[in-house]
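Chemist: Got run_10.txt for you, compact mmCIF, N, CA and C atoms:
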```
# COMPACT_ATOMS: atom_id res chain seq x y z
N MET A 22 -114.90 -59.95 -65.89
CA MET A 22 -113.83 -59.18 -66.51
C MET A 22 -114.46 -58.14 -67.43
N THR A 23 -113.90 -57.00 -67.38
CA THR A 23 -114.40 -55.92 -68.21
C THR A 23 -113.67 -55.94 -69.54
N ASP A 24 -114.21 -55.21 -70.45
CA ASP A 24 -113.58 -55.14 -71.78
C ASP A 24 -112.18 -54.52 -71.69
N THR A 25 -112.01 -53.59 -70.79
CA THR A 25 -110.71 -52.94 -70.62
C THR A 25 -109.67 -53.95 -70.12
N THR A 26 -110.05 -54.79 -69.20
CA THR A 26 -109.13 -55.78 -68.65
C THR A 26 -108.76 -56.80 -69.73
N ILE A 27 -109.73 -57.24 -70.50
CA ILE A 27 -109.45 -58.19 -71.58
C ILE A 27 -108.52 -57.56 -72.61
N GLY A 28 -108.76 -56.30 -72.94
CA GLY A 28 -107.91 -55.59 -73.89
C GLY A 28 -106.48 -55.49 -73.38
N ALA A 29 -106.34 -55.20 -72.08
CA ALA A 29 -105.00 -55.07 -71.48
C ALA A 29 -104.29 -56.43 -71.49
N VAL A 30 -105.00 -57.49 -71.16
CA VAL A 30 -104.40 -58.82 -71.16
C VAL A 30 -103.98 -59.20 -72.58
N LEU A 31 -104.84 -58.96 -73.56
CA LEU A 31 -104.50 -59.25 -74.96
C LEU A 31 -103.30 -58.43 -75.43
N ALA A 32 -103.21 -57.18 -74.99
CA ALA A 32 -102.06 -56.34 -75.35
C ALA A 32 -100.77 -56.91 -74.76
N CYS A 33 -100.85 -57.38 -73.51
CA CYS A 33 -99.65 -57.99 -72.88
C CYS A 33 -99.25 -59.27 -73.60
N VAL A 34 -100.23 -60.10 -73.94
CA VAL A 34 -99.94 -61.34 -74.65
C VAL A 34 -99.33 -61.02 -76.01
N ALA A 35 -99.86 -60.04 -76.72
CA ALA A 35 -99.32 -59.65 -78.02
C ALA A 35 -97.89 -59.14 -77.87
N GLY A 36 -97.62 -58.38 -76.81
CA GLY A 36 -96.27 -57.89 -76.55
C GLY A 36 -95.30 -59.03 -76.30
N LEU A 37 -95.72 -60.02 -75.52
CA LEU A 37 -94.87 -61.17 -75.25
C LEU A 37 -94.59 -61.97 -76.53
N ILE A 38 -95.65 -62.17 -77.32
CA ILE A 38 -95.46 -62.90 -78.57
C ILE A 38 -94.53 -62.13 -79.49
N GLY A 39 -94.69 -60.83 -79.56
CA GLY A 39 -93.79 -60.01 -80.38
C GLY A 39 -92.35 -60.11 -79.92
N SER A 40 -92.16 -60.12 -78.60
CA SER A 40 -90.80 -60.23 -78.06
C SER A 40 -90.17 -61.57 -78.43
N VAL A 41 -90.97 -62.64 -78.34
CA VAL A 41 -90.46 -63.96 -78.71
C VAL A 41 -90.09 -63.99 -80.19
N VAL A 42 -90.93 -63.41 -81.02
CA VAL A 42 -90.65 -63.38 -82.47
C VAL A 42 -89.36 -62.61 -82.74
N VAL A 43 -89.19 -61.47 -82.10
CA VAL A 43 -87.97 -60.68 -82.29
C VAL A 43 -86.74 -61.46 -81.82
N TYR A 44 -86.86 -62.14 -80.66
CA TYR A 44 -85.74 -62.92 -80.12
C TYR A 44 -85.34 -64.04 -81.08
N VAL A 45 -86.33 -64.79 -81.55
CA VAL A 45 -86.05 -65.89 -82.46
C VAL A 45 -85.49 -65.36 -83.77
N GLY A 46 -86.02 -64.26 -84.26
CA GLY A 46 -85.51 -63.66 -85.51
C GLY A 46 -84.07 -63.19 -85.37
N LYS A 47 -83.74 -62.60 -84.23
CA LYS A 47 -82.37 -62.12 -84.02
C LYS A 47 -81.40 -63.30 -83.93
N ARG A 48 -81.83 -64.40 -83.29
CA ARG A 48 -80.98 -65.59 -83.22
C ARG A 48 -80.72 -66.13 -84.62
N GLY A 49 -81.77 -66.14 -85.44
CA GLY A 49 -81.60 -66.60 -86.81
C GLY A 49 -80.67 -65.69 -87.59
N GLU A 50 -80.79 -64.40 -87.35
CA GLU A 50 -79.92 -63.44 -88.04
C GLU A 50 -78.47 -63.65 -87.63
N ASN A 51 -78.23 -63.84 -86.35
CA ASN A 51 -76.86 -64.08 -85.87
C ASN A 51 -76.31 -65.38 -86.43
N GLY A 52 -77.15 -66.40 -86.50
CA GLY A 52 -76.71 -67.68 -87.07
C GLY A 52 -76.35 -67.54 -88.54
N THR A 53 -77.16 -66.77 -89.25
CA THR A 53 -76.89 -66.55 -90.68
C THR A 53 -75.60 -65.76 -90.86
N ALA A 54 -75.38 -64.77 -90.00
CA ALA A 54 -74.14 -63.98 -90.10
C ALA A 54 -72.92 -64.86 -89.84
N ARG A 55 -73.00 -65.74 -88.85
CA ARG A 55 -71.87 -66.65 -88.57
C ARG A 55 -71.64 -67.59 -89.75
N PHE A 56 -72.73 -68.10 -90.31
CA PHE A 56 -72.62 -69.00 -91.46
C PHE A 56 -71.97 -68.29 -92.63
N ASN A 57 -72.39 -67.06 -92.91
CA ASN A 57 -71.81 -66.28 -94.02
C ASN A 57 -70.33 -66.01 -93.78
N SER A 58 -69.97 -65.74 -92.53
CA SER A 58 -68.57 -65.51 -92.20
C SER A 58 -67.73 -66.76 -92.45
N GLN A 59 -68.25 -67.91 -92.05
CA GLN A 59 -67.52 -69.15 -92.27
C GLN A 59 -67.41 -69.47 -93.75
N VAL A 60 -68.47 -69.22 -94.50
CA VAL A 60 -68.43 -69.46 -95.94
C VAL A 60 -67.38 -68.56 -96.59
N ASP A 61 -67.31 -67.30 -96.16
CA ASP A 61 -66.31 -66.38 -96.71
C ASP A 61 -64.90 -66.89 -96.41
N GLN A 62 -64.68 -67.37 -95.19
CA GLN A 62 -63.36 -67.89 -94.83
C GLN A 62 -63.01 -69.12 -95.66
N ILE A 63 -63.98 -70.00 -95.86
CA ILE A 63 -63.74 -71.20 -96.65
C ILE A 63 -63.42 -70.83 -98.10
N GLN A 64 -64.14 -69.84 -98.64
CA GLN A 64 -63.88 -69.43 -100.02
C GLN A 64 -62.50 -68.81 -100.17
N GLU A 65 -62.06 -68.03 -99.18
CA GLU A 65 -60.72 -67.45 -99.23
C GLU A 65 -59.67 -68.55 -99.17
N GLU A 66 -59.89 -69.53 -98.30
CA GLU A 66 -58.95 -70.65 -98.19
C GLU A 66 -58.92 -71.44 -99.50
N ARG A 67 -60.09 -71.66 -100.08
CA ARG A 67 -60.18 -72.39 -101.36
C ARG A 67 -59.41 -71.64 -102.45
N ASP A 68 -59.56 -70.32 -102.50
CA ASP A 68 -58.86 -69.54 -103.52
C ASP A 68 -57.35 -69.67 -103.37
N GLY A 69 -56.88 -69.63 -102.11
CA GLY A 69 -55.45 -69.80 -101.86
C GLY A 69 -54.96 -71.18 -102.28
N LEU A 70 -55.76 -72.19 -101.99
CA LEU A 70 -55.38 -73.55 -102.37
C LEU A 70 -55.39 -73.73 -103.88
N LEU A 71 -56.36 -73.12 -104.55
CA LEU A 71 -56.40 -73.21 -106.01
C LEU A 71 -55.15 -72.55 -106.62
N LYS A 72 -54.71 -71.46 -106.02
CA LYS A 72 -53.50 -70.79 -106.51
C LYS A 72 -52.28 -71.70 -106.32
N ARG A 73 -52.20 -72.35 -105.14
CA ARG A 73 -51.08 -73.25 -104.89
C ARG A 73 -51.10 -74.44 -105.84
N VAL A 74 -52.29 -74.97 -106.11
CA VAL A 74 -52.40 -76.10 -107.04
C VAL A 74 -51.96 -75.68 -108.44
N ALA A 75 -52.33 -74.48 -108.86
CA ALA A 75 -51.93 -73.99 -110.18
C ALA A 75 -50.40 -73.87 -110.26
N GLU A 76 -49.78 -73.38 -109.18
CA GLU A 76 -48.32 -73.27 -109.16
C GLU A 76 -47.67 -74.65 -109.24
N LYS A 77 -48.22 -75.61 -108.50
CA LYS A 77 -47.67 -76.97 -108.53
C LYS A 77 -47.85 -77.59 -109.91
N ASP A 78 -48.99 -77.33 -110.54
CA ASP A 78 -49.21 -77.85 -111.89
C ASP A 78 -48.18 -77.29 -112.86
N ALA A 79 -47.87 -76.00 -112.71
CA ALA A 79 -46.86 -75.39 -113.58
C ALA A 79 -45.49 -76.02 -113.34
N GLN A 80 -45.17 -76.31 -112.08
CA GLN A 80 -43.90 -76.96 -111.77
C GLN A 80 -43.86 -78.36 -112.37
N ILE A 81 -44.96 -79.08 -112.30
CA ILE A 81 -45.02 -80.43 -112.86
C ILE A 81 -44.79 -80.39 -114.37
N VAL A 82 -45.43 -79.43 -115.04
CA VAL A 82 -45.25 -79.31 -116.49
C VAL A 82 -43.80 -79.02 -116.82
N ALA A 83 -43.18 -78.12 -116.05
CA ALA A 83 -41.78 -77.79 -116.30
C ALA A 83 -40.88 -79.01 -116.07
N LEU A 84 -41.14 -79.77 -115.02
CA LEU A 84 -40.33 -80.96 -114.74
C LEU A 84 -40.55 -82.04 -115.80
N GLN A 85 -41.77 -82.18 -116.28
CA GLN A 85 -42.02 -83.15 -117.34
C GLN A 85 -41.27 -82.76 -118.62
N GLN A 86 -41.25 -81.48 -118.92
CA GLN A 86 -40.52 -81.01 -120.10
C GLN A 86 -39.02 -81.26 -119.93
N GLN A 87 -38.51 -81.00 -118.72
CA GLN A 87 -37.09 -81.24 -118.45
C GLN A 87 -36.77 -82.73 -118.59
N ARG A 88 -37.65 -83.60 -118.08
CA ARG A 88 -37.44 -85.04 -118.20
C ARG A 88 -37.43 -85.45 -119.67
N HIS A 89 -38.35 -84.91 -120.43
CA HIS A 89 -38.41 -85.23 -121.87
C HIS A 89 -37.11 -84.80 -122.55
N ASP A 90 -36.65 -83.59 -122.25
CA ASP A 90 -35.41 -83.11 -122.85
C ASP A 90 -34.22 -83.98 -122.45
N ASP A 91 -34.19 -84.41 -121.16
CA ASP A 91 -33.11 -85.27 -120.70
C ASP A 91 -33.12 -86.63 -121.41
N LEU A 92 -34.32 -87.19 -121.61
CA LEU A 92 -34.41 -88.48 -122.32
C LEU A 92 -33.95 -88.34 -123.76
N VAL A 93 -34.30 -87.24 -124.40
CA VAL A 93 -33.85 -87.00 -125.78
C VAL A 93 -32.33 -86.90 -125.80
N ARG A 94 -31.76 -86.18 -124.86
CA ARG A 94 -30.30 -86.02 -124.79
C ARG A 94 -29.61 -87.36 -124.53
N ILE A 95 -30.16 -88.15 -123.60
CA ILE A 95 -29.59 -89.47 -123.30
C ILE A 95 -29.63 -90.36 -124.54
N THR A 96 -30.75 -90.33 -125.26
CA THR A 96 -30.87 -91.15 -126.47
C THR A 96 -29.86 -90.72 -127.52
N LYS A 97 -29.68 -89.43 -127.69
CA LYS A 97 -28.68 -88.93 -128.66
C LYS A 97 -27.28 -89.37 -128.26
N LEU A 98 -26.98 -89.32 -126.96
CA LEU A 98 -25.65 -89.74 -126.51
C LEU A 98 -25.45 -91.24 -126.71
N GLU A 99 -26.49 -92.04 -126.47
CA GLU A 99 -26.38 -93.48 -126.70
C GLU A 99 -26.16 -93.77 -128.18
N ILE A 100 -26.84 -93.04 -129.04
CA ILE A 100 -26.64 -93.21 -130.48
C ILE A 100 -25.20 -92.85 -130.85
N GLU A 101 -24.69 -91.81 -130.26
CA GLU A 101 -23.30 -91.40 -130.54
C GLU A 101 -22.32 -92.45 -130.04
N ILE A 102 -22.58 -93.05 -128.88
CA ILE A 102 -21.71 -94.10 -128.35
C ILE A 102 -21.69 -95.30 -129.31
N ILE A 103 -22.88 -95.70 -129.76
CA ILE A 103 -22.99 -96.82 -130.70
C ILE A 103 -22.26 -96.48 -132.01
N ARG A 104 -22.42 -95.27 -132.49
CA ARG A 104 -21.79 -94.85 -133.74
C ARG A 104 -20.27 -94.91 -133.62
N LEU A 105 -19.76 -94.60 -132.45
CA LEU A 105 -18.31 -94.63 -132.23
C LEU A 105 -17.80 -96.03 -131.92
N GLY A 106 -18.71 -97.03 -131.85
CA GLY A 106 -18.29 -98.41 -131.68
C GLY A 106 -18.37 -98.91 -130.25
N GLY A 107 -18.95 -98.17 -129.37
CA GLY A 107 -19.04 -98.59 -127.97
C GLY A 107 -20.39 -99.27 -127.69
N THR A 108 -20.53 -99.67 -126.45
CA THR A 108 -21.78 -100.27 -126.01
C THR A 108 -22.35 -99.40 -124.89
N PRO A 109 -23.56 -98.87 -125.11
CA PRO A 109 -24.13 -98.01 -124.04
C PRO A 109 -24.51 -98.85 -122.83
N THR A 110 -24.36 -98.29 -121.66
CA THR A 110 -24.74 -98.99 -120.44
C THR A 110 -26.23 -98.82 -120.21
N PRO A 111 -26.86 -99.82 -119.62
CA PRO A 111 -28.31 -99.73 -119.42
C PRO A 111 -28.70 -98.71 -118.38
```
Could you write out this file's structure as structure tokens?
Modeler:
Amino acid sequence: MTDTTIGAVLACVAGLIGSVVVYVGKRGENGTARFNSQVDQIQEERDGLLKRVAEKDAQIVALQQQRHDDLVRITKLEIEIIRLGGTPTP
């Protein structure tokens, strides 16, 4: 084998190795892009769920306040019934 033939063979081998590296790198890039897309979708879904949870928490607080107000009103009415000589029902 001459030096020219060895050089040509080495150039072909280097080209093949370069092609494999580019192929593997592109697959990794595509995988990373898909992963980033899924992460973005999950974060958007999480943000929506956090908003819904905050709304539900506000509703719970409002209902708890309403329950407290109702219990105060019921207690006042029971006191008034007792004051007027009646017996409050359980």
Chemist: Rounded to one decimal place, report the CA of Asp78 (chain A)-atom C of Val93 (chain A) distance in Å.
Modeler: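 Answer for the CA of Asp78 (chain A) to atom C of Val93 (chain A) separation: 23.7 Å.
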Chemist: Which residues, written as a ChimeraX atom specification, have at least one atom at most 9 Å from Pro109 (chain A), with only C-alpha atoms counted and residues fewer than 4 positions away on the same chain left out?
Modeler: /A:98-100,102-103
Chemist: To one decimal in Å, tell me the separation between CA of Pro111 (chain A) and atom C of Ile95 (chain A).
Modeler: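 Going from CA of Pro111 (chain A) over to atom C of Ile95 (chain A) covers 10.8 Å.
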Chemist: So the first atom is atom N of Asp90 (chain A) and the second is atom C of Leu71 (chain A); what is the distance between them in Å, to one decimal place?
Modeler: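 Rounded to one decimal, the two atoms are 26.6 Å apart.
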